[in-house]
Amino acid sequence: MNLNTGEILAEQVTEARTFVRRLKGLMFTKALPQAACLHIEPCRSIHTFFMNYAIDVLHLDRNHTIVGIESRVVPGRIGANIKNTASVVELPAGSIAQTRTQIGQAVQFQ
């Protein structure tokens, strides 16, 4: 949930906290359902190698404040390395624009 706007970013959150789960991420998946996301922690940046679709990415600091945004990262790319990133949230492409999400806003996981 975006605490500043009250928008639900995803109803289903999958956590990736182990080395293997962080490494696999969304590789080889066919799609990321519209109401789902992947929270990778710890994580400073992402890649979209071996993916079949674009994603939106939120970069969060340790307090879950958004410090960076990447919209519609297409397959086969290396994501940005944004200062103070402690974790990332991977969302379906278009989610950031739909939910009016911006840098400086806070995210809460329930």
# chains A, B, ... in the order shown; residues from 1 in each chain; ligands from 1

$ residues_around --residues "Asn84 (chain A)" --least-positions-apart "6" --cutoff "9 Å" --atoms "only C-alpha atoms" --output "PyMOL selection string"
chain A and resi 44+59-62+67

$ residues_around --residues "Ser95 (chain A)" --least-positions-apart "4" --cutoff "7 Å" --atoms "only C-alpha atoms" --output "CSV table (one decimal) with N, CA and C atoms, in the first residue's frame"
chain,number,residue,atom,x,y,z
A,56,ASP,N,7.4,-2.7,-13.7
A,56,ASP,CA,7.7,-1.5,-13.0
A,56,ASP,C,8.5,-1.8,-11.8
A,91,LEU,N,6.6,-4.8,-10.0
A,91,LEU,CA,5.2,-4.7,-10.2
A,91,LEU,C,4.9,-4.9,-11.7
A,99,THR,N,-1.3,4.1,-10.1
A,99,THR,CA,-1.4,4.3,-8.6
A,99,THR,C,-0.9,5.7,-8.2

$ select_by_dssp --residues "chain A" --states "strand (DSSP E)" --output "ChimeraX atom specification"
/A:12-16,36-40,55-60,66-73,87-92

$ write_last_selection --atoms "N, CA, C and O atoms" --output "compact mmCIF listing (two decimals), in the first residue's frame"
# COMPACT_ATOMS: atom_id res chain seq x y z
N GLN A 12 -1.37 -9.18 -3.58
CA GLN A 12 -0.58 -10.37 -3.29
C GLN A 12 0.90 -10.02 -3.38
O GLN A 12 1.40 -9.67 -4.44
N VAL A 13 1.59 -10.11 -2.25
CA VAL A 13 3.02 -9.80 -2.19
C VAL A 13 3.79 -11.10 -1.98
O VAL A 13 3.55 -11.81 -1.00
N THR A 14 4.71 -11.39 -2.87
CA THR A 14 5.61 -12.52 -2.69
C THR A 14 6.94 -11.95 -2.22
O THR A 14 7.45 -11.00 -2.81
N GLU A 15 7.48 -12.52 -1.15
CA GLU A 15 8.75 -12.06 -0.59
C GLU A 15 9.89 -12.91 -1.14
O GLU A 15 9.76 -14.14 -1.24
N ALA A 16 10.98 -12.26 -1.49
CA ALA A 16 12.19 -12.96 -1.94
C ALA A 16 13.32 -12.50 -1.02
O ALA A 16 13.90 -11.44 -1.23
N ALA A 36 -0.44 -8.50 -8.24
CA ALA A 36 0.68 -9.14 -7.55
C ALA A 36 1.96 -8.32 -7.68
O ALA A 36 2.09 -7.47 -8.56
N CYS A 37 2.90 -8.60 -6.75
CA CYS A 37 4.23 -7.99 -6.83
C CYS A 37 5.24 -8.91 -6.17
O CYS A 37 4.87 -9.84 -5.45
N LEU A 38 6.50 -8.64 -6.43
CA LEU A 38 7.60 -9.36 -5.80
C LEU A 38 8.43 -8.35 -5.04
O LEU A 38 8.89 -7.36 -5.63
N HIS A 39 8.60 -8.57 -3.73
CA HIS A 39 9.44 -7.70 -2.89
C HIS A 39 10.75 -8.44 -2.66
O HIS A 39 10.77 -9.51 -2.05
N ILE A 40 11.85 -7.86 -3.15
CA ILE A 40 13.17 -8.48 -3.04
C ILE A 40 13.98 -7.71 -2.01
O ILE A 40 14.24 -6.52 -2.19
N ILE A 55 8.30 -4.77 -16.58
CA ILE A 55 7.85 -4.57 -15.20
C ILE A 55 8.13 -3.12 -14.78
O ILE A 55 8.95 -2.44 -15.37
N ASP A 56 7.41 -2.69 -13.75
CA ASP A 56 7.71 -1.45 -13.04
C ASP A 56 8.49 -1.82 -11.79
O ASP A 56 8.25 -2.89 -11.21
N VAL A 57 9.40 -0.94 -11.37
CA VAL A 57 10.24 -1.24 -10.21
C VAL A 57 10.25 -0.04 -9.26
O VAL A 57 10.48 1.10 -9.69
N LEU A 58 9.99 -0.32 -7.98
CA LEU A 58 10.14 0.68 -6.94
C LEU A 58 11.40 0.37 -6.15
O LEU A 58 11.59 -0.78 -5.73
N HIS A 59 12.25 1.36 -5.93
CA HIS A 59 13.44 1.21 -5.09
C HIS A 59 13.09 1.80 -3.73
O HIS A 59 12.69 2.97 -3.65
N LEU A 60 13.25 1.00 -2.68
CA LEU A 60 12.89 1.43 -1.33
C LEU A 60 14.13 1.52 -0.45
O LEU A 60 15.04 0.69 -0.57
N ILE A 66 10.15 5.41 -0.98
CA ILE A 66 10.55 5.24 -2.37
C ILE A 66 11.67 6.22 -2.70
O ILE A 66 11.50 7.43 -2.59
N VAL A 67 12.82 5.66 -3.07
CA VAL A 67 13.99 6.49 -3.43
C VAL A 67 14.27 6.46 -4.94
O VAL A 67 15.11 7.20 -5.43
N GLY A 68 13.56 5.61 -5.66
CA GLY A 68 13.75 5.52 -7.09
C GLY A 68 12.61 4.77 -7.75
O GLY A 68 11.96 3.94 -7.12
N ILE A 69 12.37 5.08 -9.01
CA ILE A 69 11.29 4.46 -9.79
C ILE A 69 11.83 4.14 -11.18
O ILE A 69 12.50 4.96 -11.80
N GLU A 70 11.51 2.94 -11.66
CA GLU A 70 11.80 2.56 -13.03
C GLU A 70 10.50 2.05 -13.64
O GLU A 70 9.91 1.11 -13.13
N SER A 71 10.05 2.69 -14.70
CA SER A 71 8.80 2.31 -15.34
C SER A 71 9.06 1.49 -16.60
O SER A 71 9.95 1.81 -17.38
N ARG A 72 8.28 0.46 -16.75
CA ARG A 72 8.30 -0.38 -17.95
C ARG A 72 9.70 -0.83 -18.36
O ARG A 72 10.15 -0.59 -19.48
N VAL A 73 10.39 -1.49 -17.43
CA VAL A 73 11.71 -2.06 -17.73
C VAL A 73 11.47 -3.31 -18.58
O VAL A 73 10.84 -4.27 -18.14
N SER A 87 15.81 -2.38 -0.81
CA SER A 87 14.97 -3.43 -1.38
C SER A 87 14.25 -2.87 -2.59
O SER A 87 14.20 -1.66 -2.80
N VAL A 88 13.69 -3.77 -3.40
CA VAL A 88 12.92 -3.36 -4.56
C VAL A 88 11.59 -4.09 -4.59
O VAL A 88 11.45 -5.19 -4.06
N VAL A 89 10.63 -3.46 -5.23
CA VAL A 89 9.33 -4.08 -5.47
C VAL A 89 9.14 -4.12 -6.98
O VAL A 89 9.21 -3.08 -7.65
N GLU A 90 8.92 -5.32 -7.51
CA GLU A 90 8.66 -5.50 -8.93
C GLU A 90 7.15 -5.64 -9.12
O GLU A 90 6.52 -6.48 -8.49
N LEU A 91 6.60 -4.80 -9.98
CA LEU A 91 5.16 -4.71 -10.22
C LEU A 91 4.86 -4.89 -11.71
O LEU A 91 5.74 -4.65 -12.54
N PRO A 92 3.62 -5.23 -12.06
CA PRO A 92 3.26 -5.27 -13.47
C PRO A 92 3.48 -3.90 -14.12
O PRO A 92 3.24 -2.86 -13.49

$ select_by_dssp --residues "chain A" --states "helix (DSSP H, G or I)" --output "CSV table (one decimal) with C-alpha atoms, in the first residue's frame"
chain,number,residue,atom,x,y,z
A,19,PHE,CA,19.7,-16.0,-1.9
A,20,VAL,CA,18.0,-18.5,-4.3
A,21,ARG,CA,14.7,-16.8,-4.3
A,22,ARG,CA,16.3,-13.4,-4.9
A,23,LEU,CA,18.4,-14.8,-7.7
A,24,LYS,CA,15.4,-16.4,-9.4
A,95,SER,CA,1.2,0.0,-12.0
A,96,ILE,CA,3.3,3.0,-11.0
A,97,ALA,CA,1.3,5.4,-13.3
A,98,GLN,CA,-2.0,3.9,-12.3

$ closest_residue --among "A:Thr18, A:Ile82, A:Thr5, A:Ala10" --to "Ile46 (chain A)" --atoms "only C-alpha atoms"
A:Ile82

$ residues_around --residues "Asn52 (chain A)" --least-positions-apart "5" --cutoff "10 Å" --atoms "only C-alpha atoms" --output "PDB file with C-alpha atoms, in the first residue's frame"
ATOM      1  CA  LEU A  26      10.644 -13.424 -11.915  1.00  0.00           C
ATOM      2  CA  MET A  27      12.918 -15.207 -14.396  1.00  0.00           C
ATOM      3  CA  PHE A  28      11.185 -17.706 -16.672  1.00  0.00           C
ATOM      4  CA  THR A  29       7.688 -16.671 -15.549  1.00  0.00           C
ATOM      5  CA  LYS A  30       5.055 -16.047 -18.206  1.00  0.00           C
ATOM      6  CA  ALA A  31       3.414 -13.033 -16.550  1.00  0.00           C
ATOM      7  CA  LEU A  32       3.052 -11.121 -13.287  1.00  0.00           C
ATOM      8  CA  VAL A  74      11.728  -4.362 -20.748  1.00  0.00           C
ATOM      9  CA  PRO A  75      13.248  -7.864 -20.853  1.00  0.00           C
ATOM     10  CA  GLY A  76      17.009  -8.174 -21.203  1.00  0.00           C
TER      11      GLY A  76
END

$ closest_residue --among "A:His47, A:Ile103, A:Leu9, A:Leu3" --to "Ala35 (chain A)" --atoms "only C-alpha atoms"
A:Leu9

$ decode --residues "region 69-88 of chain A" --atoms "N, CA and C atoms" --output "compact mmCIF listing (two decimals), in the first residue's frame"
# COMPACT_ATOMS: atom_id res chain seq x y z
N ILE A 69 12.37 5.08 -9.01
CA ILE A 69 11.29 4.46 -9.79
C ILE A 69 11.83 4.14 -11.18
N GLU A 70 11.51 2.94 -11.66
CA GLU A 70 11.80 2.56 -13.03
C GLU A 70 10.50 2.05 -13.64
N SER A 71 10.05 2.69 -14.70
CA SER A 71 8.80 2.31 -15.34
C SER A 71 9.06 1.49 -16.60
N ARG A 72 8.28 0.46 -16.75
CA ARG A 72 8.30 -0.38 -17.95
C ARG A 72 9.70 -0.83 -18.36
N VAL A 73 10.39 -1.49 -17.43
CA VAL A 73 11.71 -2.06 -17.73
C VAL A 73 11.47 -3.31 -18.58
N VAL A 74 11.97 -3.28 -19.80
CA VAL A 74 11.73 -4.36 -20.75
C VAL A 74 12.69 -5.52 -20.51
N PRO A 75 12.37 -6.71 -21.03
CA PRO A 75 13.25 -7.86 -20.85
C PRO A 75 14.65 -7.60 -21.39
N GLY A 76 15.63 -8.24 -20.75
CA GLY A 76 17.01 -8.17 -21.20
C GLY A 76 17.78 -6.93 -20.78
N ARG A 77 17.32 -6.25 -19.74
CA ARG A 77 17.96 -5.02 -19.29
C ARG A 77 18.52 -5.16 -17.88
N ILE A 78 19.47 -4.29 -17.56
CA ILE A 78 19.98 -4.14 -16.19
C ILE A 78 19.36 -2.87 -15.65
N GLY A 79 18.78 -2.98 -14.44
CA GLY A 79 18.13 -1.83 -13.83
C GLY A 79 19.12 -0.84 -13.26
N ALA A 80 18.59 0.30 -12.86
CA ALA A 80 19.40 1.37 -12.29
C ALA A 80 19.93 0.98 -10.92
N ASN A 81 21.09 1.56 -10.57
CA ASN A 81 21.66 1.40 -9.24
C ASN A 81 21.41 2.74 -8.53
N ILE A 82 20.38 2.78 -7.70
CA ILE A 82 19.93 4.02 -7.09
C ILE A 82 20.39 4.08 -5.63
N LYS A 83 21.00 5.19 -5.28
CA LYS A 83 21.55 5.40 -3.93
C LYS A 83 20.48 5.16 -2.87
N ASN A 84 20.89 4.52 -1.78
CA ASN A 84 20.06 4.22 -0.60
C ASN A 84 19.02 3.13 -0.82
N THR A 85 19.07 2.42 -1.95
CA THR A 85 18.14 1.32 -2.17
C THR A 85 18.51 0.15 -1.26
N ALA A 86 17.53 -0.30 -0.48
CA ALA A 86 17.72 -1.47 0.39
C ALA A 86 16.91 -2.66 -0.11
N SER A 87 15.81 -2.38 -0.81
CA SER A 87 14.97 -3.43 -1.38
C SER A 87 14.25 -2.87 -2.59
N VAL A 88 13.69 -3.77 -3.40
CA VAL A 88 12.92 -3.36 -4.56
C VAL A 88 11.59 -4.09 -4.59
